[in-house]
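> Provided below: final-v3.csv, containing CSV, C-alpha atoms and all ligand atoms.
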chain,number,residue,atom,x,y,z
W,1,MET,CA,128.1,88.2,89.6
W,2,ASN,CA,127.8,87.5,93.3
W,3,THR,CA,126.0,84.6,94.9
W,4,ASP,CA,122.7,86.5,95.2
W,5,GLY,CA,122.5,86.8,91.4
W,6,PHE,CA,123.3,90.5,91.6
W,7,GLU,CA,125.7,92.2,89.4
W,8,ALA,CA,127.2,95.5,90.4
W,9,SER,CA,128.0,97.6,87.3
W,10,ASP,CA,130.3,100.6,87.0
W,11,ASP,CA,127.5,103.1,86.6
W,12,LYS,CA,126.0,102.2,90.0
W,13,THR,CA,123.0,100.6,88.5
W,14,LEU,CA,121.8,97.4,90.1
W,15,ASN,CA,121.5,94.7,87.4
W,16,VAL,CA,119.7,91.6,88.4
W,17,THR,CA,119.2,88.5,86.4
W,18,LEU,CA,116.0,86.6,87.2
W,19,ASN,CA,114.9,83.5,85.1
W,20,GLY,CA,117.1,84.7,82.3
W,21,LEU,CA,115.6,88.2,82.3
W,22,ARG,CA,117.8,91.1,83.1
W,23,ILE,CA,116.1,93.6,85.5
W,24,GLU,CA,117.8,96.9,85.7
W,25,ASP,CA,117.1,99.1,88.6
W,26,GLU,CA,118.0,102.7,89.3
W,27,ALA,CA,118.9,101.8,92.9
W,28,GLU,CA,122.4,101.9,93.9
W,29,ALA,CA,124.3,98.6,94.1
W,30,GLY,CA,123.7,97.2,97.6
W,31,ASP,CA,120.2,98.6,98.1
W,32,SER,CA,118.9,95.8,100.2
W,33,ASN,CA,115.2,96.8,100.1
W,34,GLN,CA,115.3,96.6,96.3
W,35,ALA,CA,117.2,93.4,96.5
W,36,THR,CA,114.6,91.9,98.8
W,37,LYS,CA,111.8,93.1,96.6
W,38,ILE,CA,113.3,91.5,93.5
W,39,ARG,CA,114.1,88.3,95.4
W,40,ASP,CA,110.4,88.1,96.5
W,41,LEU,CA,109.4,88.0,92.8
W,42,GLU,CA,111.0,84.6,92.6
W,43,LYS,CA,109.1,83.0,95.4
W,44,LYS,CA,105.5,81.7,95.6
W,45,ARG,CA,103.2,84.4,97.1
W,46,GLU,CA,102.1,83.6,100.6
W,47,ASP,CA,99.3,86.1,101.0
W,48,TYR,CA,97.1,84.6,98.2
W,49,LEU,CA,93.4,84.1,99.0
W,50,GLU,CA,92.6,80.7,100.5
W,51,TRP,CA,89.6,78.8,99.1
W,52,PRO,CA,87.1,79.7,101.7
W,53,GLU,CA,87.9,83.4,101.6
W,54,TYR,CA,87.9,83.3,97.8
W,55,PHE,CA,84.4,81.7,97.8
W,56,MET,CA,83.0,83.9,100.5
W,57,ALA,CA,84.4,86.9,98.6
W,58,VAL,CA,82.6,85.7,95.4
W,59,ALA,CA,79.4,85.5,97.5
W,60,PHE,CA,79.9,89.1,98.7
W,61,LEU,CA,80.8,90.3,95.2
W,62,SER,CA,77.6,88.7,93.9
W,63,ALA,CA,75.6,90.5,96.6
W,64,MET,CA,76.8,93.8,95.1
W,65,ARG,CA,74.5,93.0,92.2
W,66,SER,CA,71.4,93.1,94.4
W,67,LYS,CA,69.0,95.9,94.1
W,68,ASP,CA,67.5,95.4,97.5
W,69,PRO,CA,67.9,98.7,99.3
W,70,CYS,CA,68.1,97.2,102.7
W,71,THR,CA,69.8,93.8,102.6
W,72,GLN,CA,72.1,92.5,99.8
W,73,VAL,CA,72.8,88.8,100.1
W,74,GLY,CA,75.1,86.7,97.9
W,75,ALA,CA,75.7,83.0,97.6
W,76,CYS,CA,78.4,80.8,96.0
W,77,ILE,CA,78.2,77.0,95.6
W,78,THR,CA,81.4,75.0,95.1
W,79,ASP,CA,82.0,71.3,94.4
W,80,SER,CA,84.6,68.9,95.8
W,81,ASN,CA,87.2,70.1,93.3
W,82,ASN,CA,86.9,73.7,94.5
W,83,ARG,CA,85.1,74.7,91.3
W,84,ILE,CA,82.3,77.3,91.5
W,85,VAL,CA,79.1,75.6,90.2
W,86,GLY,CA,76.6,78.3,91.0
W,87,VAL,CA,76.3,81.9,92.2
W,88,GLY,CA,73.4,84.1,93.0
W,89,TYR,CA,72.1,87.1,94.8
W,90,ASN,CA,68.7,88.3,96.0
W,91,GLY,CA,66.5,89.7,93.3
W,92,MET,CA,63.2,89.7,91.6
W,93,PRO,CA,62.3,86.6,89.4
W,94,ILE,CA,63.3,86.7,85.7
W,95,GLY,CA,60.7,88.6,83.7
W,96,CYS,CA,59.3,90.3,86.7
W,97,SER,CA,60.4,94.0,86.5
W,98,ASP,CA,62.3,95.2,89.5
W,99,GLU,CA,61.2,98.6,88.5
W,100,ILE,CA,57.6,97.7,89.1
W,101,LEU,CA,57.6,95.2,92.0
W,102,PRO,CA,58.0,96.8,95.4
W,103,TRP,CA,61.3,96.9,97.3
W,104,GLY,CA,59.7,98.2,100.6
W,105,LYS,CA,59.1,96.1,103.6
W,106,THR,CA,56.9,98.2,105.9
W,107,SER,CA,53.5,98.2,104.1
W,108,LEU,CA,50.7,96.6,106.0
W,109,LYS,CA,49.6,95.1,102.7
W,110,PRO,CA,51.7,92.0,102.1
W,111,LEU,CA,51.4,92.3,98.3
W,112,GLU,CA,53.1,95.7,98.5
W,113,THR,CA,56.2,94.3,100.1
W,114,LYS,CA,59.3,92.7,98.5
W,115,TYR,CA,58.8,89.6,100.6
W,116,MET,CA,56.1,88.3,98.3
W,117,TYR,CA,58.4,88.4,95.3
W,118,VAL,CA,62.1,88.4,95.9
W,119,CYS,CA,64.1,85.3,95.2
W,120,HIS,CA,66.7,84.6,97.9
W,121,ALA,CA,70.4,84.4,97.0
W,122,GLU,CA,70.6,80.7,97.9
W,123,MET,CA,67.7,79.9,95.7
W,124,ASN,CA,69.2,81.8,92.8
W,125,ALA,CA,72.6,80.2,93.3
W,126,ILE,CA,71.0,76.7,93.2
W,127,MET,CA,68.8,77.6,90.2
W,128,ASN,CA,71.9,79.0,88.4
W,129,LYS,CA,73.9,75.8,88.8
W,130,ASN,CA,76.2,75.0,85.9
W,131,SER,CA,76.8,71.3,86.8
W,132,ALA,CA,74.5,68.3,86.5
W,133,ASP,CA,73.7,68.3,90.2
W,134,LEU,CA,74.9,69.8,93.5
W,135,LYS,CA,75.3,66.6,95.5
W,136,GLY,CA,78.0,66.9,98.1
W,137,CYS,CA,78.6,70.6,97.3
W,138,THR,CA,79.2,73.5,99.8
W,139,LEU,CA,77.3,76.7,99.9
W,140,TYR,CA,79.0,79.9,101.0
W,141,VAL,CA,76.5,82.6,102.0
W,142,ALA,CA,76.4,85.9,103.8
W,143,LEU,CA,73.4,85.1,106.0
W,144,PHE,CA,72.3,81.9,107.7
W,145,PRO,CA,69.7,80.5,105.3
W,146,CYS,CA,66.0,80.9,106.0
W,147,ASN,CA,63.8,77.8,106.3
W,148,GLU,CA,62.6,78.0,102.7
W,149,CYS,CA,66.2,78.1,101.4
W,150,ALA,CA,67.1,75.3,103.8
W,151,LYS,CA,64.6,73.1,102.1
W,152,LEU,CA,66.1,73.9,98.7
W,153,ILE,CA,69.6,73.3,100.0
W,154,ILE,CA,68.7,69.9,101.4
W,155,GLN,CA,66.8,68.9,98.3
W,156,ALA,CA,69.7,69.9,96.1
W,157,GLY,CA,72.0,67.6,98.0
W,158,ILE,CA,74.3,70.3,99.4
W,159,LYS,CA,76.2,69.0,102.4
W,160,LEU,CA,77.8,72.0,103.9
W,161,VAL,CA,76.7,75.6,104.5
W,162,VAL,CA,79.3,78.2,105.4
W,163,TYR,CA,77.7,81.4,106.5
W,164,MET,CA,79.0,84.7,107.6
W,165,SER,CA,76.3,86.2,109.8
W,166,ASP,CA,73.6,84.5,112.0
W,167,LYS,CA,72.0,87.8,113.0
W,168,HIS,CA,68.6,86.1,112.8
W,169,LYS,CA,69.6,83.3,115.0
W,170,ASN,CA,66.6,83.7,117.4
W,171,LYS,CA,64.0,83.7,114.6
W,172,PRO,CA,61.8,80.6,114.2
W,173,SER,CA,62.9,80.4,110.6
W,174,THR,CA,66.5,79.9,111.6
W,175,GLU,CA,65.5,77.3,114.2
W,176,ALA,CA,63.5,75.5,111.5
W,177,SER,CA,66.5,75.6,109.2
W,178,LYS,CA,68.8,74.1,111.8
W,179,LEU,CA,66.3,71.4,112.7
W,180,MET,CA,66.0,70.4,109.1
W,181,PHE,CA,69.8,70.6,108.5
W,182,ASN,CA,70.4,68.4,111.5
W,183,MET,CA,67.9,65.8,110.4
W,184,ALA,CA,69.1,65.8,106.8
W,185,GLY,CA,72.8,65.7,107.8
W,186,VAL,CA,73.7,69.1,106.3
W,187,LYS,CA,76.5,70.6,108.3
W,188,TYR,CA,76.8,74.3,108.9
W,189,GLN,CA,79.6,76.4,110.1
W,190,GLN,CA,80.3,80.1,110.6
W,191,PHE,CA,83.0,81.6,108.5
W,192,VAL,CA,85.9,83.0,110.4
W,193,PRO,CA,87.8,85.3,108.0
W,194,LYS,CA,91.6,85.3,108.1
W,195,LYS,CA,91.7,88.7,106.4
W,196,SER,CA,89.6,91.5,107.7
W,197,LYS,CA,89.5,93.2,104.2
W,198,ILE,CA,89.6,92.0,100.6
W,199,VAL,CA,90.0,95.1,98.4
W,200,ILE,CA,90.0,95.5,94.6
W,201,ASP,CA,91.1,99.0,93.9
W,202,PHE,CA,91.2,99.2,90.1
W,203,GLU,CA,93.1,102.5,90.3
W,204,GLU,CA,95.8,101.0,92.6
W,205,ILE,CA,96.8,98.0,90.6
W,206,ASP,CA,100.5,98.0,90.0
W,207,TRP,CA,100.7,96.8,86.4
W,208,ASN,CA,104.4,97.5,86.3
W,209,ASN,CA,105.0,94.7,88.8
W,210,MET,CA,102.9,92.2,87.0
W,211,SER,CA,104.1,90.1,84.1
W,212,VAL,CA,100.8,90.4,82.2
B,1,LIG,O1,68.7,83.7,103.6
B,1,LIG,C1,68.3,84.8,103.1
B,1,LIG,C2,67.6,85.7,103.7
B,1,LIG,C3,67.1,86.9,103.1
B,1,LIG,N1,67.5,87.1,101.8
B,1,LIG,C4,67.0,88.3,101.1
B,1,LIG,C5,65.6,88.5,101.0
B,1,LIG,C6,65.4,90.0,101.0
B,1,LIG,O2,65.7,90.6,99.7
B,1,LIG,C7,66.5,90.4,102.0
B,1,LIG,C8,66.0,90.5,103.4
B,1,LIG,O3,65.4,91.7,103.5
B,1,LIG,P1,65.3,92.5,105.0
B,1,LIG,O4,65.0,93.9,104.6
B,1,LIG,O5,66.6,92.4,105.7
B,1,LIG,O6,64.1,91.9,105.7
B,1,LIG,O7,67.5,89.4,101.9
B,1,LIG,C9,68.2,86.2,101.1
B,1,LIG,O8,68.6,86.4,99.9
B,1,LIG,N2,68.6,85.1,101.8
B,2,ZN,ZN,66.0,82.2,102.1
How would this structure read if it were set down as structure tokens?
Ligand SMILES: O=c1ccn([C@H]2C[C@H](O)[C@@H](COP(=O)(O)O)O2)c(=O)[nH]1
Ligand SMILES: [Zn+2]

Amino acid sequence: MNTDGFEASDDKTLNVTLNGLRIEDEAEAGDSNQATKIRDLEKKREDYLEWPEYFMAVAFLSAMRSKDPCTQVGACITDSNNRIVGVGYNGMPIGCSDEILPWGKTSLKPLETKYMYVCHAEMNAIMNKNSADLKGCTLYVALFPCNECAKLIIQAGIKLVVYMSDKHKNKPSTEASKLMFNMAGVKYQQFVPKKSKIVIDFEEIDWNNMSV
């Protein structure tokens, strides 16, 4: 065996011993791509999701549950140990049929628009909490919270809001949220993704390269 842990055998098969396991490869001895690939399996991955990206991705995944035809919003609340303590997305209240309540927004009759009924993602994430309280927690959310959600966030004791888009930044509701956050000492910061894409392609998962 050479110093790389590779063993050239007579039949031109590359035999590699990793952690006591013999990995046999069809590649010719000296195939450096294959050698690099196998060596990479011994090192810690470097392209894993960092916490903020993971939590924002959970918020976006949750948004995919929303039945709102125009805007799907998701939220994810985490504690100081990086544990997820609540997730939510915009939807109709429990027991109120989302087949019957309206999803439109253009009717001149307020009762015939979704705005009268839909629970915002932030509200649902707070209500869905699985810990005793949310004091000192962080909320990851797709849109900068409206003033109603800002009140809930403050009352829940959440201390940091990480948002993706502030497309409503000129709306009075956003101004009110910021005013209240500033007064209450809730910090907010825009999320800057390090990866432009996070993809889960069930058909592309390479099970052969996983030890599960
Ligand atoms: O902070 C927010 C703001 C909005 N939402 C929800 C409420 C509605 O279901 C949609 C907004 O609908 P538009 O058609 O874009 O007016 O988003 C939320 O969950 N959180
Ligand atoms: Zn809201």
> Choose the residue, out of W:Trp51, W:Phe202, W:Phe60, W:Trp207, that has the smallest atom-to-atom separation from Val87 of chain W; count all atoms listed in the file.
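Between W:Trp51, W:Phe202, W:Phe60, W:Trp207, the residue approaching Val87 of chain W most closely is W:Phe60.
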> Quick check, in Å to one decimal: how far apart do atom CA of Cys96 of chain W and atom CA of Tyr117 of chain W lie?
8.9 Å
> Could you tell me, counting all atoms listed in the file, which protein and nucleic acid residues lie no more than 9 Å from ligand ZN 2 (chain B), written as a VMD selection string?
chain W and resid 119 to 123 143 to 150 152
> If we count all atoms listed in the file, what is near Lys178 of chain W at a cut-off of 10 Å, once residues fewer than 3 positions away on the same chain are taken out, given as a list of chain:residue names?
W:Phe144, W:Pro145, W:Cys146, W:Asn147, W:Ala150, W:Lys169, W:Pro172, W:Ser173, W:Thr174, W:Glu175, W:Phe181, W:Asn182, W:Met183, W:Ala184, W:Val186, W:Lys187, W:Tyr188
> Got time to write the residues from that selection, C-alpha atoms, as a compact mmCIF listing (two decimals), keeping the file's coordinate frame?

# COMPACT_ATOMS: atom_id res chain seq x y z
CA PHE W 144 72.30 81.90 107.70
CA PRO W 145 69.70 80.50 105.30
CA CYS W 146 66.00 80.90 106.00
CA ASN W 147 63.80 77.80 106.30
CA ALA W 150 67.10 75.30 103.80
CA LYS W 169 69.60 83.30 115.00
CA PRO W 172 61.80 80.60 114.20
CA SER W 173 62.90 80.40 110.60
CA THR W 174 66.50 79.90 111.60
CA GLU W 175 65.50 77.30 114.20
CA PHE W 181 69.80 70.60 108.50
CA ASN W 182 70.40 68.40 111.50
CA MET W 183 67.90 65.80 110.40
CA ALA W 184 69.10 65.80 106.80
CA VAL W 186 73.70 69.10 106.30
CA LYS W 187 76.50 70.60 108.30
CA TYR W 188 76.80 74.30 108.90
> Taking 3 positions as the minimum chain separation for residues in the same chain, which residues sit within 12 Å of Asn82 of chain W when counting only C-alpha atoms? Answer as a list in words.
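Answer for this query is Glu50, Trp51, Pro52, Tyr54, Phe55, Cys76, Ile77, Thr78, Asp79, Val85, Gly86, Gly136, Cys137, Thr138, Leu139 and Tyr140 of chain W.
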> Tell me, in Å to one decimal, how far atom CA of Ala57 of chain W is from atom CA of Ile154 of chain W.
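Here the two named atoms are 23.3 Å from each other.
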> So, counting only C-alpha atoms and all ligand atoms, which residue among W:Val192, W:Val141, W:Ile126, W:Met180 is closest to ligand LIG 1 (chain B)?
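Closest to ligand LIG 1 (chain B), using only C-alpha atoms and all ligand atoms: W:Val141.
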> Do a neighbour search on Gly91 of chain W at 10 Å with only C-alpha atoms, toss out local chain neighbours closer than 6 positions, and write the hits as a CSV table (one decimal) with C-alpha atoms, in the coordinates of the input.

chain,number,residue,atom,x,y,z
W,63,ALA,CA,75.6,90.5,96.6
W,65,ARG,CA,74.5,93.0,92.2
W,66,SER,CA,71.4,93.1,94.4
W,67,LYS,CA,69.0,95.9,94.1
W,68,ASP,CA,67.5,95.4,97.5
W,72,GLN,CA,72.1,92.5,99.8
W,73,VAL,CA,72.8,88.8,100.1
W,98,ASP,CA,62.3,95.2,89.5
W,103,TRP,CA,61.3,96.9,97.3
W,114,LYS,CA,59.3,92.7,98.5
W,117,TYR,CA,58.4,88.4,95.3
W,118,VAL,CA,62.1,88.4,95.9
W,119,CYS,CA,64.1,85.3,95.2
W,120,HIS,CA,66.7,84.6,97.9
W,121,ALA,CA,70.4,84.4,97.0
W,124,ASN,CA,69.2,81.8,92.8
> Using only C-alpha atoms and all ligand atoms, pick whichever of W:Val58, W:Ile84, W:Ile38, W:Met92 has the shortest atom-to-atom distance to ligand LIG 1 (chain B).
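Among the listed residues, the smallest separation from ligand LIG 1 (chain B) belongs to W:Met92.
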> Hey, can you check how far atom O4 of ligand LIG 1 (chain B) sits from atom CA of Asn170 of chain W?
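Answer for the atom O4 of ligand LIG 1 (chain B) to atom CA of Asn170 of chain W separation: 16.4 Å.
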> Given 4 Å of margin on each side, can you work out the centre and size in Å (one decimal) of an axis-aligned box holding every listed atom of ligand LIG 1 (chain B), as JSON?

{"center_x": 66.4, "center_y": 88.8, "center_z": 102.7, "size_x": 12.6, "size_y": 18.2, "size_z": 14.0}
> Could you check which of W:Thr113, W:Ile100, W:Glu53, W:Ala35 is closest to ligand LIG 1 (chain B), using all atoms listed in the file?
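That would be W:Thr113, the residue with the smallest distance to ligand LIG 1 (chain B).
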> Could you check the closest approach to ligand LIG 1 (chain B) for each of W:Gly74, W:Gly95, W:Gly185, W:Gly157 and tell me which residue wins, using only C-alpha atoms and all ligand atoms?
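Smallest distance to ligand LIG 1 (chain B) is found for W:Gly74.
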> Pick the closest to ligand LIG 1 (chain B) from W:Lys109, W:Lys167, W:Lys43, W:Lys159: which is it, counting only C-alpha atoms and all ligand atoms?
W:Lys167
> Skip Lys195 of chain W itself and residues of its chain fewer than 2 positions away, then list as JSON, numbers by chain all residues within 9 Å of it, counting all atoms listed in the file.
{"W": [49, 53, 193, 197, 198]}
> Counting all atoms listed in the file, what is within 6 Å of segment 189-191 of chain W, bar same-chain residues fewer than 5 positions away, as JSON, numbers by chain?
{"W": [162, 163, 164]}
